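The file final39.pdb contains PDB, C-alpha atoms:
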```
ATOM      1  CA  LYS A  29    -274.532  38.323 -69.250
ATOM      2  CA  GLU A  30    -276.755  38.599 -72.335
ATOM      3  CA  GLN A  31    -277.134  42.328 -71.756
ATOM      4  CA  LYS A  32    -273.357  42.751 -71.408
ATOM      5  CA  ASP A  33    -272.710  40.680 -74.559
ATOM      6  CA  SER A  34    -275.234  42.750 -76.485
ATOM      7  CA  SER A  35    -273.631  45.967 -75.270
ATOM      8  CA  ASN A  36    -270.169  44.734 -76.293
ATOM      9  CA  ILE A  37    -271.407  43.796 -79.765
ATOM     10  CA  GLN A  38    -272.950  47.248 -80.167
ATOM     11  CA  LYS A  39    -269.653  48.879 -79.121
ATOM     12  CA  GLN A  40    -267.747  46.769 -81.644
ATOM     13  CA  LEU A  41    -270.067  47.896 -84.399
ATOM     14  CA  THR A  42    -270.219  51.600 -83.556
ATOM     15  CA  GLU A  43    -267.315  52.662 -81.337
ATOM     16  CA  LYS A  44    -264.153  54.114 -82.867
ATOM     17  CA  VAL A  45    -260.723  54.253 -81.240
ATOM     18  CA  GLU A  46    -257.655  56.264 -82.043
ATOM     19  CA  SER A  47    -254.946  54.148 -83.645
ATOM     20  CA  PHE A  48    -252.195  52.990 -81.317
ATOM     21  CA  ASP A  49    -249.626  54.765 -83.510
ATOM     22  CA  SER A  50    -251.495  58.072 -83.050
ATOM     23  CA  ILE A  51    -251.753  57.633 -79.278
ATOM     24  CA  LYS A  52    -248.044  56.824 -79.097
ATOM     25  CA  ALA A  53    -247.073  59.777 -81.305
ATOM     26  CA  ARG A  54    -249.194  62.163 -79.215
ATOM     27  CA  ILE A  55    -247.709  60.972 -75.913
ATOM     28  CA  GLU A  56    -244.177  61.190 -77.306
ATOM     29  CA  LYS A  57    -244.854  64.722 -78.591
ATOM     30  CA  GLU A  58    -246.428  65.991 -75.348
ATOM     31  CA  ASN A  59    -243.798  64.591 -72.943
ATOM     32  CA  PRO A  60    -240.005  64.610 -72.652
ATOM     33  CA  ASP A  61    -238.443  61.611 -74.422
ATOM     34  CA  TRP A  62    -237.140  60.307 -71.079
ATOM     35  CA  SER A  63    -240.464  60.637 -69.210
ATOM     36  CA  GLU A  64    -242.295  57.742 -67.629
ATOM     37  CA  GLU A  65    -245.244  58.494 -69.928
ATOM     38  CA  VAL A  66    -243.078  57.914 -73.019
ATOM     39  CA  LEU A  67    -241.522  54.859 -71.352
ATOM     40  CA  MET A  68    -245.010  53.509 -70.555
ATOM     41  CA  ILE A  69    -246.398  53.812 -74.091
ATOM     42  CA  ASN A  70    -243.253  52.265 -75.566
ATOM     43  CA  LEU A  71    -243.476  49.330 -73.142
ATOM     44  CA  TYR A  72    -247.141  48.821 -74.027
ATOM     45  CA  ASP A  73    -246.087  48.835 -77.676
ATOM     46  CA  GLU A  74    -243.836  45.852 -76.884
ATOM     47  CA  ILE A  75    -246.149  43.891 -74.602
ATOM     48  CA  THR A  76    -249.710  44.851 -73.737
ATOM     49  CA  PRO A  77    -251.031  43.150 -70.600
ATOM     50  CA  ARG A  78    -253.503  44.858 -68.304
ATOM     51  CA  ASN A  79    -252.290  47.305 -65.692
ATOM     52  CA  ASP A  80    -249.556  44.944 -64.439
ATOM     53  CA  PHE A  81    -246.496  47.215 -64.425
ATOM     54  CA  ASP A  82    -246.863  48.909 -61.002
ATOM     55  CA  ASN A  83    -244.378  46.561 -59.318
ATOM     56  CA  LEU A  84    -241.991  46.088 -62.224
ATOM     57  CA  THR A  85    -238.394  46.083 -60.970
ATOM     58  CA  PHE A  86    -234.870  45.454 -62.223
ATOM     59  CA  ASP A  87    -234.282  42.698 -59.664
ATOM     60  CA  THR A  88    -234.292  39.411 -61.585
ATOM     61  CA  THR A  89    -235.376  37.526 -58.444
ATOM     62  CA  ASP A  90    -238.681  39.459 -58.437
ATOM     63  CA  PRO A  91    -241.613  37.862 -60.276
ATOM     64  CA  ASN A  92    -242.140  40.939 -62.488
ATOM     65  CA  HIS A  93    -238.899  42.443 -63.731
ATOM     66  CA  ILE A  94    -236.829  43.721 -66.621
ATOM     67  CA  ASP A  95    -233.417  42.113 -66.983
ATOM     68  CA  MET A  96    -231.178  44.947 -68.184
ATOM     69  CA  GLU A  97    -228.345  42.633 -69.248
ATOM     70  CA  GLU A  98    -230.524  40.224 -71.240
ATOM     71  CA  GLU A  99    -232.908  43.008 -72.349
ATOM     72  CA  THR A 100    -235.956  40.914 -71.476
ATOM     73  CA  ILE A 101    -239.109  41.299 -69.418
ATOM     74  CA  THR A 102    -240.639  38.628 -67.189
ATOM     75  CA  LEU A 103    -244.181  38.838 -65.833
ATOM     76  CA  LYS A 104    -245.200  36.044 -63.482
ATOM     77  CA  GLU A 105    -247.788  37.808 -61.325
ATOM     78  CA  PHE A 106    -250.852  39.491 -62.767
ATOM     79  CA  LYS A 107    -253.441  41.486 -60.848
ATOM     80  CA  LYS A 108    -256.622  40.313 -62.531
ATOM     81  CA  THR A 109    -255.735  37.055 -64.268
ATOM     82  CA  ASN A 110    -252.980  35.561 -62.122
ATOM     83  CA  ASN A 111    -254.100  31.919 -62.377
ATOM     84  CA  LYS A 112    -255.637  32.142 -65.825
ATOM     85  CA  TYR A 113    -252.628  32.686 -68.112
ATOM     86  CA  LYS A 114    -249.114  31.364 -68.342
ATOM     87  CA  PRO A 115    -246.379  33.714 -67.178
ATOM     88  CA  ILE A 116    -244.391  35.646 -69.750
ATOM     89  CA  ILE A 117    -240.767  34.726 -69.220
ATOM     90  CA  ASP A 118    -237.761  36.384 -70.849
ATOM     91  CA  PHE A 119    -239.738  38.215 -73.540
ATOM     92  CA  LYS A 120    -237.137  39.981 -75.692
ATOM     93  CA  LEU A 121    -237.498  43.763 -75.667
ATOM     94  CA  SER A 122    -236.553  45.840 -78.697
ATOM     95  CA  ALA A 123    -233.399  47.914 -78.970
ATOM     96  CA  HIS A 124    -235.601  51.015 -79.284
ATOM     97  CA  PHE A 125    -237.411  50.305 -76.008
ATOM     98  CA  MET A 126    -234.130  49.615 -74.206
ATOM     99  CA  GLU A 127    -232.778  52.943 -75.473
ATOM    100  CA  VAL A 128    -235.870  54.759 -74.114
ATOM    101  CA  LEU A 129    -235.528  52.924 -70.779
ATOM    102  CA  LYS A 130    -231.830  53.752 -70.397
ATOM    103  CA  LYS A 131    -232.463  57.420 -71.213
ATOM    104  CA  SER A 132    -235.298  57.514 -68.662
ATOM    105  CA  LEU A 133    -233.090  55.954 -65.978
ATOM    106  CA  LYS A 134    -230.256  58.367 -66.733
ATOM    107  CA  GLU A 135    -232.585  61.353 -66.254
ATOM    108  CA  ASN A 136    -234.400  59.857 -63.264
ATOM    109  CA  PRO A 137    -232.411  57.058 -61.535
ATOM    110  CA  ARG A 138    -234.656  54.619 -59.660
ATOM    111  CA  ASP A 139    -234.997  51.002 -58.464
ATOM    112  CA  MET A 140    -238.370  50.427 -60.081
ATOM    113  CA  VAL A 141    -239.122  50.698 -63.784
ATOM    114  CA  PHE A 142    -241.831  53.234 -62.921
ATOM    115  CA  SER A 143    -241.519  55.501 -59.889
ATOM    116  CA  LYS A 144    -245.163  56.584 -60.149
ATOM    117  CA  LYS A 145    -248.274  54.390 -60.069
ATOM    118  CA  MET A 146    -249.480  53.449 -63.539
ATOM    119  CA  ASN A 147    -252.854  55.189 -63.049
ATOM    120  CA  SER A 148    -250.988  58.453 -62.448
ATOM    121  CA  ILE A 149    -248.912  57.910 -65.601
ATOM    122  CA  PHE A 150    -252.031  57.120 -67.668
ATOM    123  CA  LYS A 151    -253.725  60.267 -66.357
ATOM    124  CA  LYS A 152    -250.786  62.519 -67.271
ATOM    125  CA  ALA A 153    -250.613  60.826 -70.687
ATOM    126  CA  LYS A 154    -254.375  61.449 -71.166
ATOM    127  CA  THR A 155    -255.155  57.798 -71.799
ATOM    128  CA  GLY A 156    -256.058  54.624 -69.935
ATOM    129  CA  ILE A 157    -255.297  50.926 -70.010
ATOM    130  CA  ASN A 158    -258.564  49.990 -71.748
ATOM    131  CA  ILE A 159    -258.031  52.624 -74.429
ATOM    132  CA  ILE A 160    -254.475  51.373 -74.977
ATOM    133  CA  ARG A 161    -255.546  47.725 -75.172
ATOM    134  CA  HIS A 162    -258.509  48.349 -77.490
ATOM    135  CA  SER A 163    -256.387  50.595 -79.678
ATOM    136  CA  LYS A 164    -253.501  48.114 -79.824
ATOM    137  CA  ILE A 165    -255.784  45.246 -80.877
ATOM    138  CA  SER A 166    -257.741  47.374 -83.353
ATOM    139  CA  THR A 167    -254.532  48.705 -84.918
ATOM    140  CA  GLU A 168    -252.708  45.361 -85.044
ATOM    141  CA  LEU A 169    -255.711  43.508 -86.481
ATOM    142  CA  ALA A 170    -257.025  46.217 -88.826
ATOM    143  CA  GLY A 171    -258.472  45.170 -92.161
ATOM    144  CA  GLU A 172    -257.347  41.809 -93.526
ATOM    145  CA  LYS A 173    -254.839  41.287 -90.668
ATOM    146  CA  ILE A 174    -257.654  40.034 -88.444
ATOM    147  CA  LYS A 175    -257.762  36.886 -90.609
ATOM    148  CA  ASP A 176    -254.124  35.981 -89.828
ATOM    149  CA  PRO A 177    -254.249  33.311 -87.059
ATOM    150  CA  LYS A 178    -250.521  33.647 -86.273
ATOM    151  CA  LYS A 179    -250.832  37.401 -85.765
ATOM    152  CA  ARG A 180    -253.921  36.948 -83.552
ATOM    153  CA  GLU A 181    -252.225  34.213 -81.485
ATOM    154  CA  LYS A 182    -249.048  36.246 -80.924
ATOM    155  CA  LEU A 183    -251.068  39.302 -79.898
ATOM    156  CA  LYS A 184    -253.296  37.184 -77.626
ATOM    157  CA  ASP A 185    -250.231  35.831 -75.821
ATOM    158  CA  THR A 186    -248.673  39.257 -75.201
ATOM    159  CA  MET A 187    -251.984  40.741 -74.071
ATOM    160  CA  LEU A 188    -252.980  37.867 -71.789
ATOM    161  CA  HIS A 189    -256.541  37.379 -72.903
ATOM    162  CA  SER A 190    -258.664  34.824 -74.711
ATOM    163  CA  SER A 191    -259.464  34.735 -78.420
ATOM    164  CA  ALA A 192    -263.064  35.730 -77.624
ATOM    165  CA  THR A 193    -261.905  38.743 -75.611
ATOM    166  CA  GLN A 194    -259.552  39.733 -78.388
ATOM    167  CA  VAL A 195    -262.289  39.815 -81.000
ATOM    168  CA  SER A 196    -264.630  41.697 -78.651
ATOM    169  CA  TYR A 197    -261.978  44.456 -78.242
ATOM    170  CA  VAL A 198    -261.691  45.179 -81.972
ATOM    171  CA  ARG A 199    -263.069  48.616 -82.846
ATOM    172  CA  GLY A 200    -263.064  50.813 -85.917
ATOM    173  CA  LEU A 201    -260.134  53.222 -86.151
ATOM    174  CA  ASP A 202    -260.542  57.006 -86.192
TER
END
```

Would you put the structure from the file into structure tokens?
Amino acid sequence: KEQKDSSNIQKQLTEKVESFDSIKARIEKENPDWSEEVLMINLYDEITPRNDFDNLTFDTTDPNHIDMEEETITLKEFKKTNNKYKPIIDFKLSAHFMEVLKKSLKENPRDMVFSKKMNSIFKKAKTGINIIRHSKISTELAGEKIKDPKKREKLKDTMLHSSATQVSYVRGLD
């Protein structure tokens, strides 16, 4: 544990990550605006849990779903931290995300939010969940923003991790 903590501290001090905005812009530029890659990065811009979107449906009786009428997302089952964090229920999605989702569904009708496994989508988008999460935290908490407890708390809740984990994910931005 001491060795891991030391390694994490060293990464915090030396490792740089691409800003979330840059990652998002690159993915949107390299893929059609209706693609699952563009949908994925826009969803992670809204809410940034771990890799918990594989079984995301439109059926509001499912534990993990998007309600198209209410324009909300509910996540009750998590792969890694199922018993550790409270579920996210009826989190309001932005008009922009809903527009991207509707365009994606028009081009590729389906019952699930994503027809491919998330790892396949990450690979095509040339990114990964850890890169996205580290980048999101580092971008959202850059500079003086890290001192704002409300901003940290809101981000912590939508990323489903502890305050200690949050701080350990902060990196310098490229």

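Atom to atom, atom CA of A:Ser143 and atom CA of A:Ile94 stand 14.4 Å apart.
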
field: Ground truth for the PyMOL selection byres ((chain A and resi 129-133) around 10), written as a ChimeraX atom specification
entry: /A:60-64,66-68,70-71,96,123-128,134-142

Could those selected residues go to a file with C-alpha atoms, as a PDB file, in the frame of the given file?
```
ATOM      1  CA  PRO A  60    -240.005  64.610 -72.652  1.00  0.00           C
ATOM      2  CA  ASP A  61    -238.443  61.611 -74.422  1.00  0.00           C
ATOM      3  CA  TRP A  62    -237.140  60.307 -71.079  1.00  0.00           C
ATOM      4  CA  SER A  63    -240.464  60.637 -69.210  1.00  0.00           C
ATOM      5  CA  GLU A  64    -242.295  57.742 -67.629  1.00  0.00           C
ATOM      6  CA  VAL A  66    -243.078  57.914 -73.019  1.00  0.00           C
ATOM      7  CA  LEU A  67    -241.522  54.859 -71.352  1.00  0.00           C
ATOM      8  CA  MET A  68    -245.010  53.509 -70.555  1.00  0.00           C
ATOM      9  CA  ASN A  70    -243.253  52.265 -75.566  1.00  0.00           C
ATOM     10  CA  LEU A  71    -243.476  49.330 -73.142  1.00  0.00           C
ATOM     11  CA  MET A  96    -231.178  44.947 -68.184  1.00  0.00           C
ATOM     12  CA  ALA A 123    -233.399  47.914 -78.970  1.00  0.00           C
ATOM     13  CA  HIS A 124    -235.601  51.015 -79.284  1.00  0.00           C
ATOM     14  CA  PHE A 125    -237.411  50.305 -76.008  1.00  0.00           C
ATOM     15  CA  MET A 126    -234.130  49.615 -74.206  1.00  0.00           C
ATOM     16  CA  GLU A 127    -232.778  52.943 -75.473  1.00  0.00           C
ATOM     17  CA  VAL A 128    -235.870  54.759 -74.114  1.00  0.00           C
ATOM     18  CA  LYS A 134    -230.256  58.367 -66.733  1.00  0.00           C
ATOM     19  CA  GLU A 135    -232.585  61.353 -66.254  1.00  0.00           C
ATOM     20  CA  ASN A 136    -234.400  59.857 -63.264  1.00  0.00           C
ATOM     21  CA  PRO A 137    -232.411  57.058 -61.535  1.00  0.00           C
ATOM     22  CA  ARG A 138    -234.656  54.619 -59.660  1.00  0.00           C
ATOM     23  CA  ASP A 139    -234.997  51.002 -58.464  1.00  0.00           C
ATOM     24  CA  MET A 140    -238.370  50.427 -60.081  1.00  0.00           C
ATOM     25  CA  VAL A 141    -239.122  50.698 -63.784  1.00  0.00           C
ATOM     26  CA  PHE A 142    -241.831  53.234 -62.921  1.00  0.00           C
TER      27      PHE A 142
END
```

field: Minimum-distance residue to A:Ser122, chosen among A:Glu74, A:Asn147, A:Asp95, A:Ser47 (using all atoms listed in the file)
entry: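 The closest residue to A:Ser122 is A:Glu74.
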
- request: Give me, please, the distance in Å between atom CA of A:Lys164 and atom CA of A:Phe48, quoted to one decimal.
  value: 5.3 Å

- prompt: Residues picked by the PyMOL selection byres ((chain A and resi 120) around 8) here, as an NGL selection string?
  reply: :A and (98-101 or 118-119 or 121-122)

Nearby residues (all atoms listed in the file) at most 12 Å from A:Ile159, same-chain spacing under 2 positions excluded, as a PyMOL selection string: chain A and resi 43-48+51-52+69+72+76+78-79+150-151+153-157+161-167+197-199+201

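Between atom CA of A:Ile117 and atom CA of A:Asp185 there is a distance of 11.6 Å.
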
- prompt: Near A:Lys179, counting only C-alpha atoms, which residues have an atom at most 8 Å away, once you skip same-chain residues fewer than 5 positions from it, shown as an MDAnalysis selection string?
  reply: chainID A and resid 169 173:174

task: Rank A:Phe81, A:Gln38, A:Asp33, A:Lys152 by their smallest atom-to-atom distance to A:Asn59, using only C-alpha atoms, and report the top residue only.
output: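 Under the stated criterion, the closest residue is A:Lys152.
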
query: When the PyMOL selection byres ((chain A and resi 37) around 12) is applied to the file above, which residues end up in the set, as an NGL selection string?
result: :A and (30-36 or 38-43 or 192-193 or 195-199)

message: Here is a test: counting all atoms listed in the file, which residue of A:Glu97, A:Glu56, A:Glu65, A:Asp202 is nearest to A:Lys144?
response: A:Glu65

message: Could you check the closest approach to A:Thr102 for each of A:Ile55, A:Ile160, A:Ile116, A:Met187 and tell me which residue wins, using all atoms listed in the file?
response: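 Using all atoms listed in the file, A:Thr102 sits closest to A:Ile116.
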
What does stretch 43-55 of chain A look like written to a file with all heavy atoms, as a tab-separated table (two decimals), in the first residue's frame?
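So the final result, stored in decode.tsv, reads:
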```
chain	number	residue	atom	x	y	z
A	43	GLU	N	3.03	13.46	-13.96
A	43	GLU	CA	2.24	13.05	-15.12
A	43	GLU	C	1.37	14.19	-15.63
A	43	GLU	O	0.80	14.95	-14.85
A	43	GLU	CB	1.37	11.85	-14.71
A	43	GLU	CG	0.85	11.04	-15.86
A	43	GLU	CD	0.13	9.79	-15.37
A	43	GLU	OE1	-0.96	9.93	-14.78
A	43	GLU	OE2	0.67	8.69	-15.55
A	44	LYS	N	1.27	14.29	-16.94
A	44	LYS	CA	0.39	15.28	-17.57
A	44	LYS	C	-0.70	14.54	-18.33
A	44	LYS	O	-0.48	13.45	-18.85
A	44	LYS	CB	1.18	16.14	-18.57
A	44	LYS	CG	2.31	16.91	-17.95
A	44	LYS	CD	1.90	18.29	-17.65
A	44	LYS	CE	3.08	19.12	-17.20
A	44	LYS	NZ	2.78	20.01	-16.14
A	45	VAL	N	-1.89	15.13	-18.38
A	45	VAL	CA	-2.99	14.57	-19.16
A	45	VAL	C	-3.51	15.64	-20.11
A	45	VAL	O	-3.41	16.83	-19.84
A	45	VAL	CB	-4.14	14.05	-18.27
A	45	VAL	CG1	-3.72	12.86	-17.45
A	45	VAL	CG2	-4.74	15.14	-17.41
A	46	GLU	N	-4.05	15.17	-21.19
A	46	GLU	CA	-4.71	16.06	-22.14
A	46	GLU	C	-5.99	16.58	-21.49
A	46	GLU	O	-6.67	15.85	-20.77
A	46	GLU	CB	-5.03	15.25	-23.41
A	46	GLU	CG	-5.60	16.03	-24.54
A	46	GLU	CD	-5.87	15.16	-25.77
A	46	GLU	OE1	-5.65	13.93	-25.73
A	46	GLU	OE2	-6.33	15.73	-26.77
A	47	SER	N	-6.32	17.83	-21.73
A	47	SER	CA	-7.55	18.36	-21.14
A	47	SER	C	-8.76	17.61	-21.70
A	47	SER	O	-8.74	17.12	-22.83
A	47	SER	CB	-7.69	19.86	-21.43
A	47	SER	OG	-8.08	20.08	-22.77
A	48	PHE	N	-9.80	17.54	-20.89
A	48	PHE	CA	-11.02	16.85	-21.32
A	48	PHE	C	-11.58	17.51	-22.58
A	48	PHE	O	-12.02	16.83	-23.50
A	48	PHE	CB	-12.06	16.83	-20.21
A	48	PHE	CG	-13.25	16.00	-20.56
A	48	PHE	CD1	-13.25	14.63	-20.34
A	48	PHE	CD2	-14.38	16.56	-21.13
A	48	PHE	CE1	-14.34	13.84	-20.69
A	48	PHE	CE2	-15.47	15.79	-21.48
A	48	PHE	CZ	-15.45	14.42	-21.26
A	49	ASP	N	-11.54	18.83	-22.63
A	49	ASP	CA	-12.05	19.56	-23.80
A	49	ASP	C	-11.31	19.15	-25.07
A	49	ASP	O	-11.92	19.02	-26.13
A	49	ASP	CB	-11.94	21.07	-23.57
A	49	ASP	CG	-12.76	21.54	-22.38
A	49	ASP	OD1	-13.75	20.88	-22.02
A	49	ASP	OD2	-12.40	22.58	-21.79
A	50	SER	N	-10.00	18.95	-24.97
A	50	SER	CA	-9.20	18.53	-26.13
A	50	SER	C	-9.55	17.11	-26.56
A	50	SER	O	-9.66	16.83	-27.76
A	50	SER	CB	-7.71	18.62	-25.82
A	50	SER	OG	-7.32	19.94	-25.60
A	51	ILE	N	-9.69	16.22	-25.58
A	51	ILE	CA	-10.07	14.84	-25.90
A	51	ILE	C	-11.43	14.82	-26.59
A	51	ILE	O	-11.61	14.17	-27.63
A	51	ILE	CB	-10.11	13.97	-24.62
A	51	ILE	CG1	-8.71	13.79	-24.06
A	51	ILE	CG2	-10.77	12.60	-24.91
A	51	ILE	CD1	-8.66	13.12	-22.69
A	52	LYS	N	-12.37	15.57	-26.04
A	52	LYS	CA	-13.72	15.63	-26.62
A	52	LYS	C	-13.68	16.20	-28.04
A	52	LYS	O	-14.29	15.64	-28.96
A	52	LYS	CB	-14.63	16.47	-25.72
A	52	LYS	CG	-16.06	16.51	-26.18
A	52	LYS	CD	-16.93	17.31	-25.22
A	52	LYS	CE	-18.32	17.42	-25.78
A	52	LYS	NZ	-19.11	18.43	-25.11
A	53	ALA	N	-12.96	17.29	-28.22
A	53	ALA	CA	-12.87	17.91	-29.55
A	53	ALA	C	-12.25	16.95	-30.57
A	53	ALA	O	-12.72	16.85	-31.70
A	53	ALA	CB	-12.06	19.21	-29.47
A	54	ARG	N	-11.21	16.22	-30.16
A	54	ARG	CA	-10.56	15.28	-31.06
A	54	ARG	C	-11.51	14.16	-31.46
A	54	ARG	O	-11.64	13.82	-32.64
A	54	ARG	CB	-9.30	14.69	-30.40
A	54	ARG	CG	-8.60	13.63	-31.28
A	54	ARG	CD	-7.44	12.97	-30.60
A	54	ARG	NE	-7.71	12.38	-29.31
A	54	ARG	CZ	-8.34	11.21	-29.12
A	54	ARG	NH1	-8.79	10.52	-30.14
A	54	ARG	NH2	-8.50	10.73	-27.90
A	55	ILE	N	-12.22	13.59	-30.49
A	55	ILE	CA	-13.15	12.50	-30.78
A	55	ILE	C	-14.28	12.99	-31.69
A	55	ILE	O	-14.67	12.30	-32.64
A	55	ILE	CB	-13.69	11.87	-29.48
A	55	ILE	CG1	-12.55	11.13	-28.76
A	55	ILE	CG2	-14.87	10.94	-29.75
A	55	ILE	CD1	-12.89	10.66	-27.36
```
